[in-house]
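Listing of my_file30.pdb, PDB, C-alpha atoms, pLDDT in the B column
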```
ATOM      1  CA  MET A   6      14.966  -1.334  17.488  1.00 47.00           C
ATOM      2  CA  THR A   7      12.177   0.971  18.621  1.00 62.00           C
ATOM      3  CA  ASN A   8      12.011   4.520  17.296  1.00 82.00           C
ATOM      4  CA  ASP A   9       9.650   7.377  18.040  1.00 95.00           C
ATOM      5  CA  THR A  10       9.745   8.426  14.397  1.00 98.00           C
ATOM      6  CA  LEU A  11       9.439   6.658  11.058  1.00 98.00           C
ATOM      7  CA  ASN A  12      10.393   8.400   7.817  1.00 98.00           C
ATOM      8  CA  VAL A  13       8.211   7.160   4.965  1.00 98.00           C
ATOM      9  CA  ALA A  14       8.771   7.907   1.263  1.00 98.00           C
ATOM     10  CA  LEU A  15       5.672   7.992  -0.953  1.00 98.00           C
ATOM     11  CA  LEU A  16       6.631   7.182  -4.550  1.00 98.00           C
ATOM     12  CA  GLN A  17       4.006   8.472  -6.987  1.00 98.00           C
ATOM     13  CA  THR A  18       5.141   7.243 -10.388  1.00 98.00           C
ATOM     14  CA  THR A  19       4.181   6.225 -13.902  1.00 98.00           C
ATOM     15  CA  LEU A  20       4.307   2.515 -14.740  1.00 98.00           C
ATOM     16  CA  ALA A  21       5.413   0.906 -17.995  1.00 98.00           C
ATOM     17  CA  TRP A  22       2.725  -1.499 -19.191  1.00 98.00           C
ATOM     18  CA  GLU A  23       3.559  -5.149 -18.502  1.00 98.00           C
ATOM     19  CA  ASN A  24       7.281  -4.415 -18.484  1.00 98.00           C
ATOM     20  CA  PRO A  25       8.825  -5.442 -15.140  1.00 98.00           C
ATOM     21  CA  LYS A  26      12.390  -4.737 -16.220  1.00 98.00           C
ATOM     22  CA  ALA A  27      11.585  -1.175 -17.299  1.00 98.00           C
ATOM     23  CA  ASN A  28       9.661  -0.535 -14.093  1.00 98.00           C
ATOM     24  CA  ARG A  29      12.444  -1.868 -11.898  1.00 98.00           C
ATOM     25  CA  THR A  30      14.943   0.397 -13.645  1.00 98.00           C
ATOM     26  CA  HIS A  31      12.629   3.409 -13.402  1.00 98.00           C
ATOM     27  CA  ILE A  32      11.855   2.886  -9.718  1.00 98.00           C
ATOM     28  CA  GLU A  33      15.492   2.317  -8.847  1.00 98.00           C
ATOM     29  CA  ASP A  34      16.327   5.638 -10.461  1.00 98.00           C
ATOM     30  CA  LYS A  35      13.490   7.394  -8.617  1.00 97.00           C
ATOM     31  CA  VAL A  36      14.620   6.181  -5.190  1.00 97.00           C
ATOM     32  CA  SER A  37      18.353   6.677  -5.772  1.00 96.00           C
ATOM     33  CA  SER A  38      18.483   9.937  -3.806  1.00 96.00           C
ATOM     34  CA  ILE A  39      15.876   9.032  -1.172  1.00 96.00           C
ATOM     35  CA  THR A  40      16.738   8.595   2.490  1.00 98.00           C
ATOM     36  CA  ALA A  41      13.898   6.964   4.429  1.00 98.00           C
ATOM     37  CA  ASP A  42      13.007   4.093   6.741  1.00 98.00           C
ATOM     38  CA  LEU A  43      10.222   2.858   4.461  1.00 98.00           C
ATOM     39  CA  ILE A  44       9.560   3.339   0.729  1.00 98.00           C
ATOM     40  CA  VAL A  45       5.986   2.830  -0.515  1.00 99.00           C
ATOM     41  CA  LEU A  46       5.408   1.836  -4.162  1.00 98.00           C
ATOM     42  CA  PRO A  47       2.077   1.583  -6.035  1.00 98.00           C
ATOM     43  CA  GLU A  48      -0.004  -1.545  -6.612  1.00 98.00           C
ATOM     44  CA  MET A  49       1.354  -3.898  -9.313  1.00 98.00           C
ATOM     45  CA  PHE A  50       4.409  -1.666  -9.554  1.00 98.00           C
ATOM     46  CA  SER A  51       6.173  -4.064 -11.933  1.00 98.00           C
ATOM     47  CA  SER A  52       3.414  -4.216 -14.566  1.00 98.00           C
ATOM     48  CA  GLY A  53       0.534  -1.819 -14.049  1.00 98.00           C
ATOM     49  CA  PHE A  54      -2.935  -3.114 -13.138  1.00 98.00           C
ATOM     50  CA  THR A  55      -3.225  -5.905 -15.680  1.00 98.00           C
ATOM     51  CA  MET A  56      -5.483  -8.915 -16.019  1.00 98.00           C
ATOM     52  CA  ASN A  57      -2.863 -10.585 -18.250  1.00 98.00           C
ATOM     53  CA  ALA A  58      -1.433 -12.393 -15.265  1.00 98.00           C
ATOM     54  CA  SER A  59       0.254 -15.129 -17.286  1.00 97.00           C
ATOM     55  CA  GLU A  60       2.283 -12.503 -19.171  1.00 97.00           C
ATOM     56  CA  VAL A  61       3.829 -10.814 -16.142  1.00 98.00           C
ATOM     57  CA  ALA A  62       3.581 -13.269 -13.240  1.00 98.00           C
ATOM     58  CA  GLU A  63       6.715 -14.087 -11.288  1.00 98.00           C
ATOM     59  CA  THR A  64       7.490 -16.453  -8.449  1.00 98.00           C
ATOM     60  CA  MET A  65       8.667 -15.657  -4.945  1.00 98.00           C
ATOM     61  CA  ASN A  66      12.151 -16.536  -6.211  1.00 97.00           C
ATOM     62  CA  GLY A  67      11.833 -14.380  -9.324  1.00 98.00           C
ATOM     63  CA  GLU A  68      13.758 -11.365 -10.560  1.00 98.00           C
ATOM     64  CA  THR A  69      11.587  -8.707  -8.955  1.00 98.00           C
ATOM     65  CA  ILE A  70      11.708 -10.258  -5.484  1.00 98.00           C
ATOM     66  CA  THR A  71      15.476 -10.631  -5.782  1.00 98.00           C
ATOM     67  CA  TRP A  72      15.691  -7.014  -6.934  1.00 98.00           C
ATOM     68  CA  LEU A  73      13.495  -5.805  -4.043  1.00 98.00           C
ATOM     69  CA  LYS A  74      15.727  -7.519  -1.491  1.00 98.00           C
ATOM     70  CA  ALA A  75      18.860  -6.028  -3.018  1.00 98.00           C
ATOM     71  CA  LEU A  76      17.361  -2.535  -3.260  1.00 98.00           C
ATOM     72  CA  SER A  77      16.089  -2.671   0.318  1.00 98.00           C
ATOM     73  CA  LYS A  78      19.539  -3.646   1.553  1.00 98.00           C
ATOM     74  CA  THR A  79      21.249  -0.955  -0.532  1.00 98.00           C
ATOM     75  CA  LYS A  80      18.872   1.770   0.644  1.00 98.00           C
ATOM     76  CA  ASN A  81      18.769   0.425   4.211  1.00 98.00           C
ATOM     77  CA  ALA A  82      15.012   0.892   4.010  1.00 98.00           C
ATOM     78  CA  ALA A  83      11.989  -1.372   3.972  1.00 98.00           C
ATOM     79  CA  ILE A  84      10.052  -1.359   0.688  1.00 98.00           C
ATOM     80  CA  VAL A  85       6.376  -2.179   0.186  1.00 99.00           C
ATOM     81  CA  GLY A  86       4.294  -2.591  -2.978  1.00 98.00           C
ATOM     82  CA  SER A  87       2.375  -5.295  -4.824  1.00 98.00           C
ATOM     83  CA  LEU A  88       3.091  -7.398  -7.904  1.00 98.00           C
ATOM     84  CA  VAL A  89       1.684 -10.416  -9.724  1.00 98.00           C
ATOM     85  CA  ILE A  90       2.828 -13.703  -8.204  1.00 98.00           C
ATOM     86  CA  LYS A  91       2.112 -17.235  -9.400  1.00 98.00           C
ATOM     87  CA  GLU A  92       2.015 -19.890  -6.710  1.00 98.00           C
ATOM     88  CA  ASN A  93       0.506 -23.374  -6.729  1.00 96.00           C
ATOM     89  CA  GLU A  94      -1.051 -22.691 -10.147  1.00 96.00           C
ATOM     90  CA  ASN A  95      -2.871 -19.627  -8.782  1.00 98.00           C
ATOM     91  CA  TYR A  96      -2.218 -15.948  -9.486  1.00 98.00           C
ATOM     92  CA  TYR A  97      -2.144 -13.419  -6.663  1.00 98.00           C
ATOM     93  CA  ASN A  98      -2.046  -9.646  -6.451  1.00 98.00           C
ATOM     94  CA  ARG A  99       0.510  -9.952  -3.678  1.00 98.00           C
ATOM     95  CA  LEU A 100       1.811  -7.162  -1.500  1.00 99.00           C
ATOM     96  CA  ILE A 101       5.443  -7.618  -0.524  1.00 98.00           C
ATOM     97  CA  PHE A 102       7.024  -5.941   2.495  1.00 99.00           C
ATOM     98  CA  VAL A 103      10.774  -6.451   2.420  1.00 98.00           C
ATOM     99  CA  GLU A 104      13.155  -5.292   5.141  1.00 98.00           C
ATOM    100  CA  PRO A 105      16.869  -4.470   4.754  1.00 98.00           C
ATOM    101  CA  ASN A 106      17.843  -7.704   6.518  1.00 98.00           C
ATOM    102  CA  GLY A 107      16.000  -9.701   3.838  1.00 97.00           C
ATOM    103  CA  THR A 108      12.884 -10.486   5.881  1.00 98.00           C
ATOM    104  CA  LEU A 109       9.821 -10.790   3.637  1.00 98.00           C
ATOM    105  CA  THR A 110       6.203 -10.449   4.734  1.00 98.00           C
ATOM    106  CA  THR A 111       3.381 -10.945   2.230  1.00 98.00           C
ATOM    107  CA  TYR A 112      -0.300 -10.054   1.993  1.00 98.00           C
ATOM    108  CA  ASP A 113      -2.610 -11.226  -0.789  1.00 98.00           C
ATOM    109  CA  LYS A 114      -5.201  -8.630  -1.773  1.00 98.00           C
ATOM    110  CA  ARG A 115      -8.413  -9.583  -0.026  1.00 98.00           C
ATOM    111  CA  HIS A 116     -10.904  -7.606  -2.110  1.00 98.00           C
ATOM    112  CA  THR A 117     -10.326  -8.322  -5.774  1.00 98.00           C
ATOM    113  CA  PHE A 118     -11.782  -5.653  -8.044  1.00 98.00           C
ATOM    114  CA  THR A 119     -14.844  -7.282  -9.613  1.00 98.00           C
ATOM    115  CA  LEU A 120     -15.540  -4.284 -11.869  1.00 97.00           C
ATOM    116  CA  ALA A 121     -12.357  -5.186 -13.773  1.00 97.00           C
ATOM    117  CA  ASN A 122     -12.922  -8.960 -13.379  1.00 97.00           C
ATOM    118  CA  GLU A 123      -9.910  -9.213 -11.108  1.00 98.00           C
ATOM    119  CA  HIS A 124     -11.740 -11.935  -9.188  1.00 98.00           C
ATOM    120  CA  LYS A 125     -11.748 -14.126 -12.308  1.00 98.00           C
ATOM    121  CA  VAL A 126      -7.969 -13.954 -12.648  1.00 98.00           C
ATOM    122  CA  TYR A 127      -6.535 -13.554  -9.157  1.00 98.00           C
ATOM    123  CA  THR A 128      -7.148 -15.588  -6.035  1.00 98.00           C
ATOM    124  CA  ALA A 129      -8.288 -13.448  -3.102  1.00 98.00           C
ATOM    125  CA  GLY A 130      -6.349 -13.457   0.128  1.00 98.00           C
ATOM    126  CA  THR A 131      -7.852 -14.506   3.442  1.00 97.00           C
ATOM    127  CA  LYS A 132      -5.469 -13.076   6.035  1.00 97.00           C
ATOM    128  CA  LYS A 133      -4.887  -9.545   7.284  1.00 97.00           C
ATOM    129  CA  ILE A 134      -1.339  -8.935   8.467  1.00 98.00           C
ATOM    130  CA  ILE A 135       0.295  -6.573  10.937  1.00 98.00           C
ATOM    131  CA  ILE A 136       4.018  -5.901  10.562  1.00 98.00           C
ATOM    132  CA  ASP A 137       6.162  -4.642  13.436  1.00 98.00           C
ATOM    133  CA  TYR A 138       8.870  -2.510  11.866  1.00 98.00           C
ATOM    134  CA  LYS A 139      11.125  -0.205  13.871  1.00 98.00           C
ATOM    135  CA  GLY A 140       8.577  -0.175  16.675  1.00 97.00           C
ATOM    136  CA  PHE A 141       5.634   0.816  14.455  1.00 98.00           C
ATOM    137  CA  LYS A 142       2.789  -1.614  13.852  1.00 98.00           C
ATOM    138  CA  ILE A 143       1.913  -1.391  10.166  1.00 98.00           C
ATOM    139  CA  CYS A 144      -1.192  -2.724   8.389  1.00 98.00           C
ATOM    140  CA  PRO A 145      -0.606  -2.856   4.611  1.00 98.00           C
ATOM    141  CA  LEU A 146      -3.567  -3.237   2.243  1.00 99.00           C
ATOM    142  CA  VAL A 147      -4.177  -2.987  -1.507  1.00 99.00           C
ATOM    143  CA  CYS A 148      -6.325  -0.548  -3.530  1.00 98.00           C
ATOM    144  CA  TYR A 149      -9.934  -1.866  -3.573  1.00 98.00           C
ATOM    145  CA  ASP A 150      -9.526  -2.919   0.082  1.00 98.00           C
ATOM    146  CA  LEU A 151      -9.948   0.787   0.832  1.00 98.00           C
ATOM    147  CA  ARG A 152     -13.707   0.571   0.186  1.00 98.00           C
ATOM    148  CA  PHE A 153     -14.210  -1.979   2.978  1.00 98.00           C
ATOM    149  CA  PRO A 154     -13.744  -0.421   6.436  1.00 98.00           C
ATOM    150  CA  VAL A 155     -14.417  -3.608   8.382  1.00 97.00           C
ATOM    151  CA  TRP A 156     -11.326  -5.238   6.872  1.00 98.00           C
ATOM    152  CA  ALA A 157      -9.192  -2.268   7.949  1.00 98.00           C
ATOM    153  CA  ARG A 158     -10.797  -1.983  11.389  1.00 97.00           C
ATOM    154  CA  ASN A 159      -8.119  -1.281  13.970  1.00 97.00           C
ATOM    155  CA  SER A 160      -8.692  -4.152  16.370  1.00 95.00           C
ATOM    156  CA  GLU A 161      -4.919  -4.729  16.604  1.00 96.00           C
ATOM    157  CA  ASP A 162      -4.035  -1.178  17.719  1.00 96.00           C
ATOM    158  CA  TYR A 163      -1.800  -0.715  14.699  1.00 98.00           C
ATOM    159  CA  ASP A 164      -0.090   2.630  14.141  1.00 98.00           C
ATOM    160  CA  VAL A 165       0.026   2.951  10.356  1.00 98.00           C
ATOM    161  CA  LEU A 166      -2.419   1.926   7.637  1.00 98.00           C
ATOM    162  CA  ILE A 167      -0.949   1.760   4.121  1.00 99.00           C
ATOM    163  CA  TYR A 168      -2.770   1.401   0.807  1.00 99.00           C
ATOM    164  CA  VAL A 169      -0.884   0.773  -2.450  1.00 99.00           C
ATOM    165  CA  ALA A 170      -3.036   1.421  -5.494  1.00 98.00           C
ATOM    166  CA  ASN A 171      -3.822   1.800  -9.176  1.00 98.00           C
ATOM    167  CA  TRP A 172      -6.932   3.940  -8.550  1.00 98.00           C
ATOM    168  CA  PRO A 173      -8.257   5.651 -11.715  1.00 98.00           C
ATOM    169  CA  LYS A 174      -8.899   9.375 -11.975  1.00 98.00           C
ATOM    170  CA  VAL A 175     -12.609   8.888 -12.724  1.00 98.00           C
ATOM    171  CA  ARG A 176     -13.207   7.706  -9.127  1.00 98.00           C
ATOM    172  CA  ILE A 177     -10.489   9.698  -7.362  1.00 98.00           C
ATOM    173  CA  ALA A 178     -12.963  11.600  -5.158  1.00 98.00           C
ATOM    174  CA  ALA A 179     -13.741   8.324  -3.377  1.00 98.00           C
ATOM    175  CA  TRP A 180     -10.029   7.645  -2.882  1.00 98.00           C
ATOM    176  CA  ASP A 181      -9.533  11.058  -1.249  1.00 98.00           C
ATOM    177  CA  ALA A 182     -12.530  10.716   1.054  1.00 98.00           C
ATOM    178  CA  LEU A 183     -11.899   7.143   2.113  1.00 98.00           C
ATOM    179  CA  LEU A 184      -8.193   7.596   2.919  1.00 98.00           C
ATOM    180  CA  LYS A 185      -9.081  10.410   5.276  1.00 98.00           C
ATOM    181  CA  ALA A 186     -11.947   8.425   6.789  1.00 98.00           C
ATOM    182  CA  ARG A 187      -9.755   5.399   7.444  1.00 98.00           C
ATOM    183  CA  ALA A 188      -7.294   7.588   9.371  1.00 98.00           C
ATOM    184  CA  ILE A 189      -9.999   9.177  11.499  1.00 98.00           C
ATOM    185  CA  GLU A 190     -11.997   6.051  12.329  1.00 98.00           C
ATOM    186  CA  ASN A 191      -8.917   3.968  13.165  1.00 98.00           C
ATOM    187  CA  MET A 192      -6.971   6.735  14.919  1.00 98.00           C
ATOM    188  CA  SER A 193      -3.907   5.778  12.910  1.00 98.00           C
ATOM    189  CA  TYR A 194      -1.726   7.323  10.286  1.00 99.00           C
ATOM    190  CA  CYS A 195      -3.129   6.466   6.864  1.00 99.00           C
ATOM    191  CA  ILE A 196      -0.934   6.521   3.760  1.00 99.00           C
ATOM    192  CA  GLY A 197      -2.092   5.948   0.200  1.00 99.00           C
ATOM    193  CA  VAL A 198       0.261   5.684  -2.786  1.00 99.00           C
ATOM    194  CA  ASN A 199      -1.295   5.727  -6.239  1.00 98.00           C
ATOM    195  CA  ARG A 200       0.255   5.726  -9.708  1.00 98.00           C
ATOM    196  CA  VAL A 201      -0.018   8.418 -12.395  1.00 98.00           C
ATOM    197  CA  GLY A 202      -0.265   8.349 -16.191  1.00 98.00           C
ATOM    198  CA  LEU A 203      -2.193   6.292 -18.753  1.00 97.00           C
ATOM    199  CA  ASP A 204      -2.197   2.506 -18.958  1.00 97.00           C
ATOM    200  CA  ASP A 205      -2.704   0.417 -22.093  1.00 97.00           C
ATOM    201  CA  ASN A 206      -6.430   0.132 -21.360  1.00 95.00           C
ATOM    202  CA  ASN A 207      -6.533   3.929 -21.660  1.00 96.00           C
ATOM    203  CA  TYR A 208      -7.352   4.444 -17.993  1.00 97.00           C
ATOM    204  CA  GLU A 209      -5.948   7.658 -16.570  1.00 98.00           C
ATOM    205  CA  TYR A 210      -4.410   7.814 -13.105  1.00 98.00           C
ATOM    206  CA  SER A 211      -3.984  11.129 -11.321  1.00 98.00           C
ATOM    207  CA  GLY A 212      -2.104  10.028  -8.227  1.00 98.00           C
ATOM    208  CA  HIS A 213      -3.543  11.891  -5.227  1.00 98.00           C
ATOM    209  CA  SER A 214      -1.062   9.988  -3.094  1.00 98.00           C
ATOM    210  CA  ALA A 215      -1.401  11.282   0.454  1.00 98.00           C
ATOM    211  CA  ALA A 216      -0.672  10.839   4.135  1.00 98.00           C
ATOM    212  CA  TYR A 217      -3.069  11.663   6.975  1.00 98.00           C
ATOM    213  CA  ASP A 218      -2.485  11.829  10.725  1.00 98.00           C
ATOM    214  CA  VAL A 219      -4.751  10.255  13.344  1.00 98.00           C
ATOM    215  CA  LEU A 220      -7.103  13.257  13.270  1.00 98.00           C
ATOM    216  CA  GLY A 221      -7.428  13.195   9.495  1.00 98.00           C
ATOM    217  CA  ASN A 222      -5.122  16.134   8.830  1.00 98.00           C
ATOM    218  CA  ARG A 223      -3.225  16.018   5.527  1.00 98.00           C
ATOM    219  CA  MET A 224       0.524  15.754   6.131  1.00 98.00           C
ATOM    220  CA  ASP A 225       2.021  15.897   2.640  1.00 98.00           C
ATOM    221  CA  SER A 226       2.128  18.335  -0.246  1.00 98.00           C
ATOM    222  CA  ILE A 227       2.139  15.863  -3.140  1.00 98.00           C
ATOM    223  CA  PRO A 228       0.676  17.392  -6.323  1.00 97.00           C
ATOM    224  CA  GLU A 229      -1.694  15.437  -8.528  1.00 96.00           C
ATOM    225  CA  SER A 230      -0.925  13.883 -11.912  1.00 97.00           C
ATOM    226  CA  ILE A 231       2.865  14.171 -11.842  1.00 97.00           C
ATOM    227  CA  GLU A 232       5.682  11.870 -10.832  1.00 98.00           C
ATOM    228  CA  THR A 233       7.061  12.867  -7.470  1.00 98.00           C
ATOM    229  CA  THR A 234       8.385  11.500  -4.212  1.00 98.00           C
ATOM    230  CA  GLU A 235       7.886  12.977  -0.762  1.00 98.00           C
ATOM    231  CA  VAL A 236       9.207  11.810   2.593  1.00 98.00           C
ATOM    232  CA  ILE A 237       6.953  12.351   5.590  1.00 98.00           C
ATOM    233  CA  THR A 238       7.736  11.717   9.254  1.00 98.00           C
ATOM    234  CA  LEU A 239       5.412   9.699  11.462  1.00 98.00           C
ATOM    235  CA  GLU A 240       5.624  10.211  15.220  1.00 98.00           C
ATOM    236  CA  LYS A 241       4.661   7.595  17.784  1.00 97.00           C
ATOM    237  CA  SER A 242       4.056  10.346  20.344  1.00 97.00           C
ATOM    238  CA  HIS A 243       1.349  11.849  18.098  1.00 98.00           C
ATOM    239  CA  ILE A 244      -0.563   8.555  18.121  1.00 98.00           C
ATOM    240  CA  THR A 245      -0.223   8.087  21.870  1.00 97.00           C
ATOM    241  CA  LYS A 246      -1.204  11.662  22.666  1.00 97.00           C
ATOM    242  CA  TYR A 247      -4.521  11.610  20.842  1.00 98.00           C
ATOM    243  CA  ARG A 248      -5.493   8.035  21.650  1.00 97.00           C
ATOM    244  CA  GLU A 249      -5.003   8.748  25.347  1.00 97.00           C
ATOM    245  CA  ARG A 250      -6.685  12.153  25.205  1.00 97.00           C
ATOM    246  CA  LEU A 251      -9.686  11.170  23.080  1.00 97.00           C
ATOM    247  CA  GLY A 252     -10.031   7.413  23.670  1.00 95.00           C
ATOM    248  CA  PHE A 253     -12.238   6.782  20.630  1.00 96.00           C
ATOM    249  CA  LEU A 254     -10.837   3.310  19.999  1.00 96.00           C
ATOM    250  CA  LYS A 255     -11.938   2.221  23.461  1.00 94.00           C
ATOM    251  CA  ASP A 256     -15.564   2.690  22.391  1.00 95.00           C
ATOM    252  CA  ARG A 257     -15.377   0.486  19.287  1.00 92.00           C
ATOM    253  CA  ASP A 258     -17.870  -2.342  18.903  1.00 92.00           C
ATOM    254  CA  THR A 259     -16.786  -5.921  19.409  1.00 89.00           C
ATOM    255  CA  PHE A 260     -17.554  -8.484  16.739  1.00 89.00           C
ATOM    256  CA  SER A 261     -15.843 -11.255  14.798  1.00 89.00           C
ATOM    257  CA  LEU A 262     -15.282 -11.268  11.051  1.00 89.00           C
ATOM    258  CA  LYS A 263     -15.743 -14.440   9.010  1.00 87.00           C
ATOM    259  CA  VAL A 264     -13.540 -14.695   5.902  1.00 88.00           C
TER
END
```

For this file, write the structure as structure tokens.
Amino acid sequence: MTNDTLNVALLQTTLAWENPKANRTHIEDKVSSITADLIVLPEMFSSGFTMNASEVAETMNGETITWLKALSKTKNAAIVGSLVIKENENYYNRLIFVEPNGTLTTYDKRHTFTLANEHKVYTAGTKKIIIDYKGFKICPLVCYDLRFPVWARNSEDYDVLIYVANWPKVRIAAWDALLKARAIENMSYCIGVNRVGLDDNNYEYSGHSAAYDVLGNRMDSIPESIETTEVITLEKSHITKYRERLGFLKDRDTFSLKV
């Protein structure tokens, strides 16, 4: 089914440290009154951004995946976020996009965060994905990927760029600037959902979850540092109007990317 609009819920929330059950319960409560086509959760929403992969890792048949499928069906909404997955003896920071009909699409975080030694624990992904959902082409990425514009480059003419994150307050100015830049340079909606609160490593997260239109205009009114959820409406006609009028994507350079 093709729609001209897509209602997207941005869930800015605290996360219980390495406690998937508590996080599932908390998130389920937070989305109970939400009506949307797509619900966006933070990075590692079941555990917080932990390097203790062996303590929290699940499989693709585990409790959190089963829960995601059930919640998506109940809410009649797609849900996207990342969690720790173990597969073939490797750990992945894996983004899951689940649709109400049970369809799962996955993306393994390409740019592992070397400053936190994520690269020593998690295997980096090698494939960018584009998801066609309700007529919108969506490119979902994870946190540190935001710093690498070539990986997000809109060579597929996608409509929506999504980043799920655990981005600390100390570097939040970069988060704000880069989300807006990604929207402008790719002429797409750009959505970033970040957690709030303290983790067990004493890192503070201030949220700054946001949505930008294709011109880089802020669309939401999400406050910083508190738990909140806001639903914003994306319009296909907005994308078409400005891409046809301005044509910036037609002038992009052509090159191939080796991964």

**Study point:** Nearby residues (all atoms listed in the file) at most 6 Å from Asn191 of chain A, same-chain spacing under 3 positions excluded, as a ChimeraX atom specification
**Key:** /A:159,187-188

**Study point:** atom CA of Ile101 of chain A to atom CA of Pro173 of chain A, distance in Å rounded to a single decimal
**Key:**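 Taking atom CA of Ile101 of chain A as the start and atom CA of Pro173 of chain A as the end point, the length is 22.1 Å.
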
Exercise for review: Please write as a PyMOL selection string the full residue list that the PyMOL selection byres ((chain A and resi 146-150) around 7) yields on this file.
Suggested key: chain A and resi 48+114-118+144-145+151-153+167-172

Determine the residue membership of the PyMOL selection byres ((chain A and resi 236) around 8) for the file above and supply it as a PDB file with C-alpha atoms, in the frame of the given file.
```
ATOM      1  CA  ASN A  12      10.393   8.400   7.817  1.00 98.00           C
ATOM      2  CA  VAL A  13       8.211   7.160   4.965  1.00 98.00           C
ATOM      3  CA  ALA A  14       8.771   7.907   1.263  1.00 98.00           C
ATOM      4  CA  LEU A  15       5.672   7.992  -0.953  1.00 98.00           C
ATOM      5  CA  ALA A  41      13.898   6.964   4.429  1.00 98.00           C
ATOM      6  CA  THR A 234       8.385  11.500  -4.212  1.00 98.00           C
ATOM      7  CA  GLU A 235       7.886  12.977  -0.762  1.00 98.00           C
ATOM      8  CA  ILE A 237       6.953  12.351   5.590  1.00 98.00           C
ATOM      9  CA  THR A 238       7.736  11.717   9.254  1.00 98.00           C
TER      10      THR A 238
END
```

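Selecting by distance to (-8.1, 10.0, 20.4) with a limit of 10 Å and using all atoms listed in the file, one obtains A:Ile189, A:Glu190, A:Asn191, A:Met192, A:Ser193, A:Val219, A:Leu220, A:His243, A:Ile244, A:Thr245, A:Lys246, A:Tyr247, A:Arg248, A:Glu249, A:Arg250, A:Leu251, A:Gly252, A:Phe253, A:Leu254, A:Lys255.
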
**Study point:** Pick from A:Leu203, A:Arg257, A:Asn106, A:Ser211, whichever lies nearest to Trp180 of chain A using all atoms listed in the file
**Key:**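 For Trp180 of chain A, the nearest of the candidates is A:Ser211.
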
**Study point:** Given the PyMOL selection byres ((chain A and resi 195) around 6), the residues it picks as a PyMOL selection string
**Key:** chain A and resi 165-167+188+194+196+216-217

Exercise for review: Mind giving me the straight-line distance from atom CA of Leu43 of chain A to atom CA of Arg176 of chain A in Å, one decimal?
Suggested key: 27.5 Å
